[in-house]
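Asks: Questions regarding the structure given below will be posed in turn.
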Amino acid sequence: MKVLITGTAGFIGSSLAMHLLQRGDEVIGIDNLNDYYDVNLKLARLERVKAYKGFTPIKESIENRSAVERIFAEHKPDRVVNLAAQAGVRYSLENPHAYVDTNIVGFVNILEGCRHNNIEHLVYASSSSVYGSNTNMPFSVHQNVDHPVSLYAASKKSNELMAHTYSHLFRLPTTGLRFFTVYGPWGRPDMALFLFTRKILAGEPIDVFNYGNHRRDFTYIDDIVEGVIRVLDHIPEPNPQWSGDNPDSATSNAPYRLYNIGNNNSVELMRYIEVLEDCLGKKAEKNMLPLQPGDVPATYANVDDLVKDVGYKPNTPVEDGIRRFVEWYKEYYKV
């Protein structure tokens, strides 16, 4: 297949591109290489992808409508994975326009590209943050998610709604993936594991929000990528049982699906830090702080639909995942 991936210099996008190239697919990769975090890390990820034949990198922003139209027309992909997004819950309080530009305007451009170029399947990144104020655990894709608590979450919920509209109107098969706290080698420097590792090694205190009472469904990068590939290969069909009298939010009478990709295991933040301390051989000095605006206290993924439809369940324990991250971090930063 020829697969268009947006966000190929990103944490998930670069790893997904490598796995698809390894199995013989062709990849067209779009990334604008913005400076939300270290551009050198993004470039290093891209260099890994460029080692495989069949990769075409394009430096562009998905909010550039004419550029997206041109890329679709020129490269004629079979399927599309949209991972480009302005990420981060806390940053959405500081720079809301970035989320509207990339996550909403950019996503419309991708949907339009898919609509006008007979794309077989659009897979796109949603987020566990859409569960917002929900407290019924584990989070199920069949639950109502109408109470987001950050603009980032609202933008991801809007992607799910927009995708459904295109599935309904134009019969475009779309699948949204709600990722749960992705971590591992080549990860994002703005996320907890990266921040904690850097500060512990530097002898600086780490900020522990919600006084350490967070629980997260930490999901290892390779598990995420395996899930994305299995879903990409599984084109959704309309659900013949779907009823407007009792609408199921995860399926539709259109070719539309939503899945959680999480480890199906909620881990206490303090346990996560403890494992990291063991891997680093060094204790953290902790700066205990209250829950931040936009954050949720806990996440926990129900992955029954993923198991049922594509036969896959993430299973990497945090002990293994954090160890691999620390090994990568020390090698990459020559610690």
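Here, A, B, ... name the chains of the structure tokens in the order displayed, residue numbers run from 1 inside each chain, and ligands are numbered from 1 in the same displayed order.
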For the strand (DSSP E) assignment from backbone DSSP, which residues of region 129-207 of chain A qualify? Please present them as a ChimeraX atom specification.
Replies: /A:174-179,182-183,206-207
Asks: May I have the selected residues written with C-alpha atoms, as an mmCIF file, in the first residue's frame?
Replies:
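Result file follows (part_27.cif):
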data_model
loop_
_atom_site.group_PDB
_atom_site.id
_atom_site.type_symbol
_atom_site.label_atom_id
_atom_site.label_comp_id
_atom_site.auth_asym_id
_atom_site.auth_seq_id
_atom_site.Cartn_x
_atom_site.Cartn_y
_atom_site.Cartn_z
ATOM 1 C CA THR A 174 -12.850 6.356 9.215
ATOM 2 C CA THR A 175 -11.439 4.974 12.459
ATOM 3 C CA GLY A 176 -10.555 7.111 15.483
ATOM 4 C CA LEU A 177 -8.004 5.847 17.996
ATOM 5 C CA ARG A 178 -8.092 7.098 21.560
ATOM 6 C CA PHE A 179 -4.484 6.779 22.692
ATOM 7 C CA VAL A 182 2.035 6.818 25.211
ATOM 8 C CA TYR A 183 5.632 6.429 26.429
ATOM 9 C CA ILE A 206 10.348 16.753 39.800
ATOM 10 C CA ASP A 207 6.843 18.263 39.815
#
Asks: Near Asn109 (chain A), counting only C-alpha atoms, which residues have an atom at most 10 Å away, once you skip same-chain residues fewer than 2 positions from it, shown as a VMD selection string?
Replies: chain A and resid 62 to 69 102 104 to 107 111 to 115
Asks: Could the residues in this selection be saved with N, CA and C atoms as a compact mmCIF listing (two decimals), in the first residue's frame?
Replies:
# COMPACT_ATOMS: atom_id res chain seq x y z
N ILE A 62 -0.43 20.74 7.83
CA ILE A 62 -1.72 20.27 7.32
C ILE A 62 -2.77 21.38 7.30
N GLU A 63 -2.51 22.48 8.01
CA GLU A 63 -3.47 23.60 7.93
C GLU A 63 -3.34 24.40 6.64
N ASN A 64 -2.32 24.08 5.83
CA ASN A 64 -2.14 24.71 4.52
C ASN A 64 -2.99 23.94 3.51
N ARG A 65 -4.17 24.48 3.23
CA ARG A 65 -5.16 23.75 2.44
C ARG A 65 -4.65 23.40 1.04
N SER A 66 -4.08 24.39 0.36
CA SER A 66 -3.64 24.14 -1.02
C SER A 66 -2.51 23.11 -1.07
N ALA A 67 -1.64 23.15 -0.07
CA ALA A 67 -0.55 22.17 -0.03
C ALA A 67 -1.08 20.76 0.18
N VAL A 68 -2.05 20.61 1.07
CA VAL A 68 -2.64 19.29 1.32
C VAL A 68 -3.33 18.78 0.05
N GLU A 69 -4.07 19.65 -0.62
CA GLU A 69 -4.72 19.27 -1.88
C GLU A 69 -3.69 18.78 -2.89
N THR A 102 -4.33 23.49 13.86
CA THR A 102 -3.86 22.17 13.43
C THR A 102 -4.91 21.10 13.61
N ILE A 104 -8.20 21.20 14.16
CA ILE A 104 -9.53 21.34 13.55
C ILE A 104 -9.43 21.75 12.08
N VAL A 105 -8.80 22.89 11.79
CA VAL A 105 -8.65 23.31 10.40
C VAL A 105 -7.83 22.28 9.62
N GLY A 106 -6.71 21.85 10.19
CA GLY A 106 -5.88 20.85 9.53
C GLY A 106 -6.62 19.55 9.27
N PHE A 107 -7.44 19.14 10.24
CA PHE A 107 -8.16 17.88 10.09
C PHE A 107 -9.21 17.96 8.99
N LEU A 111 -9.60 15.48 5.82
CA LEU A 111 -10.89 14.86 5.45
C LEU A 111 -11.25 15.17 4.00
N GLU A 112 -11.06 16.42 3.60
CA GLU A 112 -11.36 16.82 2.22
C GLU A 112 -10.44 16.10 1.23
N GLY A 113 -9.16 15.96 1.59
CA GLY A 113 -8.24 15.22 0.74
C GLY A 113 -8.68 13.78 0.56
N CYS A 114 -9.12 13.17 1.65
CA CYS A 114 -9.61 11.78 1.59
C CYS A 114 -10.87 11.67 0.74
N ARG A 115 -11.78 12.61 0.95
CA ARG A 115 -13.07 12.60 0.24
C ARG A 115 -12.87 12.69 -1.28
Asks: Between A:Ser150, A:Asn95, A:Thr181, A:Thr56, which residue has the minimum interatomic distance to Tyr36 (chain A), considering only C-alpha atoms?
Replies: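 Closest residue, counting only C-alpha atoms: A:Asn95.
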Asks: Leaving out region 281-290 of chain A and any residue of its chain fewer than 3 positions from it, which residues lie within 10 Å of it when counting only C-alpha atoms, given as a count of residues only?
Replies: 23
Asks: Run DSSP on the backbone of this structure and report the residues of region 69-295 of chain A it assigns to alpha helix (DSSP H), as a PyMOL selection string.
Replies: chain A and resi 69-75+91-94+96-99+106-116+151-170+192-202+221-232+269-280
Asks: Mind checking which residues fall within 10 Å of Val307 (chain A), counting only C-alpha atoms, ignoring those fewer than 5 positions away in the same chain, and posting them as a list in words?
Replies: Gly227, Tyr259, Asn302, Tyr312, Lys313 and Pro314 of chain A
Asks: Restricted to N, CA, C and O atoms, what would the selected residues look like written as a PDB file, in the first residue's frame?
Replies:
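Listing of result_36.pdb after writing:
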ATOM      1  N   GLY A 227      -1.175  -1.671  17.318  1.00  0.00           N
ATOM      2  CA  GLY A 227      -2.617  -1.426  17.279  1.00  0.00           C
ATOM      3  C   GLY A 227      -3.030  -0.585  16.078  1.00  0.00           C
ATOM      4  O   GLY A 227      -4.023  -0.877  15.403  1.00  0.00           O
ATOM      5  N   TYR A 259     -11.858   3.247  18.705  1.00  0.00           N
ATOM      6  CA  TYR A 259     -11.226   2.260  19.587  1.00  0.00           C
ATOM      7  C   TYR A 259     -10.360   2.966  20.618  1.00  0.00           C
ATOM      8  O   TYR A 259      -9.732   3.992  20.320  1.00  0.00           O
ATOM      9  N   ASN A 302     -10.756   0.468  28.497  1.00  0.00           N
ATOM     10  CA  ASN A 302     -11.413  -0.777  28.122  1.00  0.00           C
ATOM     11  C   ASN A 302     -11.063  -1.027  26.654  1.00  0.00           C
ATOM     12  O   ASN A 302     -11.348  -0.184  25.800  1.00  0.00           O
ATOM     13  N   TYR A 312      -6.205  -7.785  19.024  1.00  0.00           N
ATOM     14  CA  TYR A 312      -4.979  -7.258  19.620  1.00  0.00           C
ATOM     15  C   TYR A 312      -5.248  -6.574  20.951  1.00  0.00           C
ATOM     16  O   TYR A 312      -6.230  -5.854  21.109  1.00  0.00           O
ATOM     17  N   LYS A 313      -4.319  -6.803  21.888  1.00  0.00           N
ATOM     18  CA  LYS A 313      -4.385  -6.132  23.190  1.00  0.00           C
ATOM     19  C   LYS A 313      -2.966  -5.750  23.616  1.00  0.00           C
ATOM     20  O   LYS A 313      -2.097  -6.610  23.702  1.00  0.00           O
ATOM     21  N   PRO A 314      -2.704  -4.451  23.849  1.00  0.00           N
ATOM     22  CA  PRO A 314      -1.387  -4.039  24.348  1.00  0.00           C
ATOM     23  C   PRO A 314      -1.043  -4.780  25.639  1.00  0.00           C
ATOM     24  O   PRO A 314      -1.922  -5.070  26.452  1.00  0.00           O
TER      25      PRO A 314
END
Asks: For Asn239 (chain A), find every residue with an atom within 9 Å (counting only C-alpha atoms), except residues of its own chain fewer than 3 positions away, and show them as JSON, numbers by chain.
Replies: {"A": [236, 242, 251, 252, 253, 254, 255, 256]}
Asks: Could you write out the selected residues, including all heavy atoms, as a PDB file, in the first residue's frame?
Replies:
ATOM      1  N   PRO A 236     -13.420  -0.297   8.417  1.00  0.00           N
ATOM      2  CA  PRO A 236     -14.705  -0.433   9.118  1.00  0.00           C
ATOM      3  C   PRO A 236     -15.887  -0.547   8.165  1.00  0.00           C
ATOM      4  O   PRO A 236     -15.880   0.020   7.067  1.00  0.00           O
ATOM      5  CB  PRO A 236     -14.787   0.865   9.944  1.00  0.00           C
ATOM      6  CG  PRO A 236     -13.938   1.841   9.204  1.00  0.00           C
ATOM      7  CD  PRO A 236     -12.831   1.046   8.581  1.00  0.00           C
ATOM      8  N   TRP A 242     -26.926  -0.857  14.475  1.00  0.00           N
ATOM      9  CA  TRP A 242     -26.959   0.511  14.995  1.00  0.00           C
ATOM     10  C   TRP A 242     -28.371   1.075  14.889  1.00  0.00           C
ATOM     11  O   TRP A 242     -29.057   0.904  13.882  1.00  0.00           O
ATOM     12  CB  TRP A 242     -25.986   1.393  14.239  1.00  0.00           C
ATOM     13  CG  TRP A 242     -25.685   2.690  14.935  1.00  0.00           C
ATOM     14  CD1 TRP A 242     -24.710   2.925  15.837  1.00  0.00           C
ATOM     15  CD2 TRP A 242     -26.385   3.933  14.774  1.00  0.00           C
ATOM     16  NE1 TRP A 242     -24.739   4.231  16.270  1.00  0.00           N
ATOM     17  CE2 TRP A 242     -25.764   4.878  15.627  1.00  0.00           C
ATOM     18  CE3 TRP A 242     -27.475   4.327  14.003  1.00  0.00           C
ATOM     19  CZ2 TRP A 242     -26.195   6.188  15.734  1.00  0.00           C
ATOM     20  CZ3 TRP A 242     -27.908   5.636  14.092  1.00  0.00           C
ATOM     21  CH2 TRP A 242     -27.272   6.558  14.960  1.00  0.00           C
ATOM     22  N   THR A 251     -19.843   3.199  17.126  1.00  0.00           N
ATOM     23  CA  THR A 251     -20.103   2.658  15.792  1.00  0.00           C
ATOM     24  C   THR A 251     -21.170   3.519  15.140  1.00  0.00           C
ATOM     25  O   THR A 251     -21.578   4.548  15.671  1.00  0.00           O
ATOM     26  CB  THR A 251     -20.573   1.192  15.868  1.00  0.00           C
ATOM     27  OG1 THR A 251     -21.858   1.142  16.519  1.00  0.00           O
ATOM     28  CG2 THR A 251     -19.587   0.322  16.645  1.00  0.00           C
ATOM     29  N   SER A 252     -21.640   3.086  13.964  1.00  0.00           N
ATOM     30  CA  SER A 252     -22.597   3.908  13.229  1.00  0.00           C
ATOM     31  C   SER A 252     -23.247   3.080  12.129  1.00  0.00           C
ATOM     32  O   SER A 252     -22.796   1.974  11.818  1.00  0.00           O
ATOM     33  CB  SER A 252     -21.857   5.105  12.613  1.00  0.00           C
ATOM     34  OG  SER A 252     -22.717   5.866  11.794  1.00  0.00           O
ATOM     35  N   ASN A 253     -24.272   3.644  11.505  1.00  0.00           N
ATOM     36  CA  ASN A 253     -24.784   3.040  10.277  1.00  0.00           C
ATOM     37  C   ASN A 253     -23.952   3.501   9.077  1.00  0.00           C
ATOM     38  O   ASN A 253     -24.248   3.188   7.944  1.00  0.00           O
ATOM     39  CB  ASN A 253     -26.274   3.369  10.069  1.00  0.00           C
ATOM     40  CG  ASN A 253     -26.553   4.856  10.115  1.00  0.00           C
ATOM     41  OD1 ASN A 253     -25.628   5.678  10.116  1.00  0.00           O
ATOM     42  ND2 ASN A 253     -27.830   5.223  10.138  1.00  0.00           N
ATOM     43  N   ALA A 254     -22.890   4.258   9.357  1.00  0.00           N
ATOM     44  CA  ALA A 254     -21.869   4.632   8.378  1.00  0.00           C
ATOM     45  C   ALA A 254     -20.605   3.814   8.671  1.00  0.00           C
ATOM     46  O   ALA A 254     -20.473   3.238   9.756  1.00  0.00           O
ATOM     47  CB  ALA A 254     -21.573   6.125   8.490  1.00  0.00           C
ATOM     48  N   PRO A 255     -19.633   3.764   7.743  1.00  0.00           N
ATOM     49  CA  PRO A 255     -18.387   3.014   7.990  1.00  0.00           C
ATOM     50  C   PRO A 255     -17.461   3.785   8.938  1.00  0.00           C
ATOM     51  O   PRO A 255     -16.512   4.450   8.523  1.00  0.00           O
ATOM     52  CB  PRO A 255     -17.777   2.876   6.582  1.00  0.00           C
ATOM     53  CG  PRO A 255     -18.306   4.055   5.825  1.00  0.00           C
ATOM     54  CD  PRO A 255     -19.679   4.326   6.370  1.00  0.00           C
ATOM     55  N   TYR A 256     -17.728   3.667  10.224  1.00  0.00           N
ATOM     56  CA  TYR A 256     -17.111   4.520  11.252  1.00  0.00           C
ATOM     57  C   TYR A 256     -16.875   3.688  12.495  1.00  0.00           C
ATOM     58  O   TYR A 256     -17.756   2.936  12.934  1.00  0.00           O
ATOM     59  CB  TYR A 256     -18.071   5.668  11.547  1.00  0.00           C
ATOM     60  CG  TYR A 256     -17.729   6.551  12.727  1.00  0.00           C
ATOM     61  CD1 TYR A 256     -16.890   7.644  12.579  1.00  0.00           C
ATOM     62  CD2 TYR A 256     -18.286   6.307  13.992  1.00  0.00           C
ATOM     63  CE1 TYR A 256     -16.602   8.480  13.647  1.00  0.00           C
ATOM     64  CE2 TYR A 256     -18.000   7.130  15.065  1.00  0.00           C
ATOM     65  CZ  TYR A 256     -17.157   8.212  14.893  1.00  0.00           C
ATOM     66  OH  TYR A 256     -16.878   9.047  15.961  1.00  0.00           O
TER      67      TYR A 256
END
Asks: As an exercise, work out the distance from CA of Met270 (chain A) to CA of Val335 (chain A) in Å and give it to one decimal place.
Replies: 24.3 Å
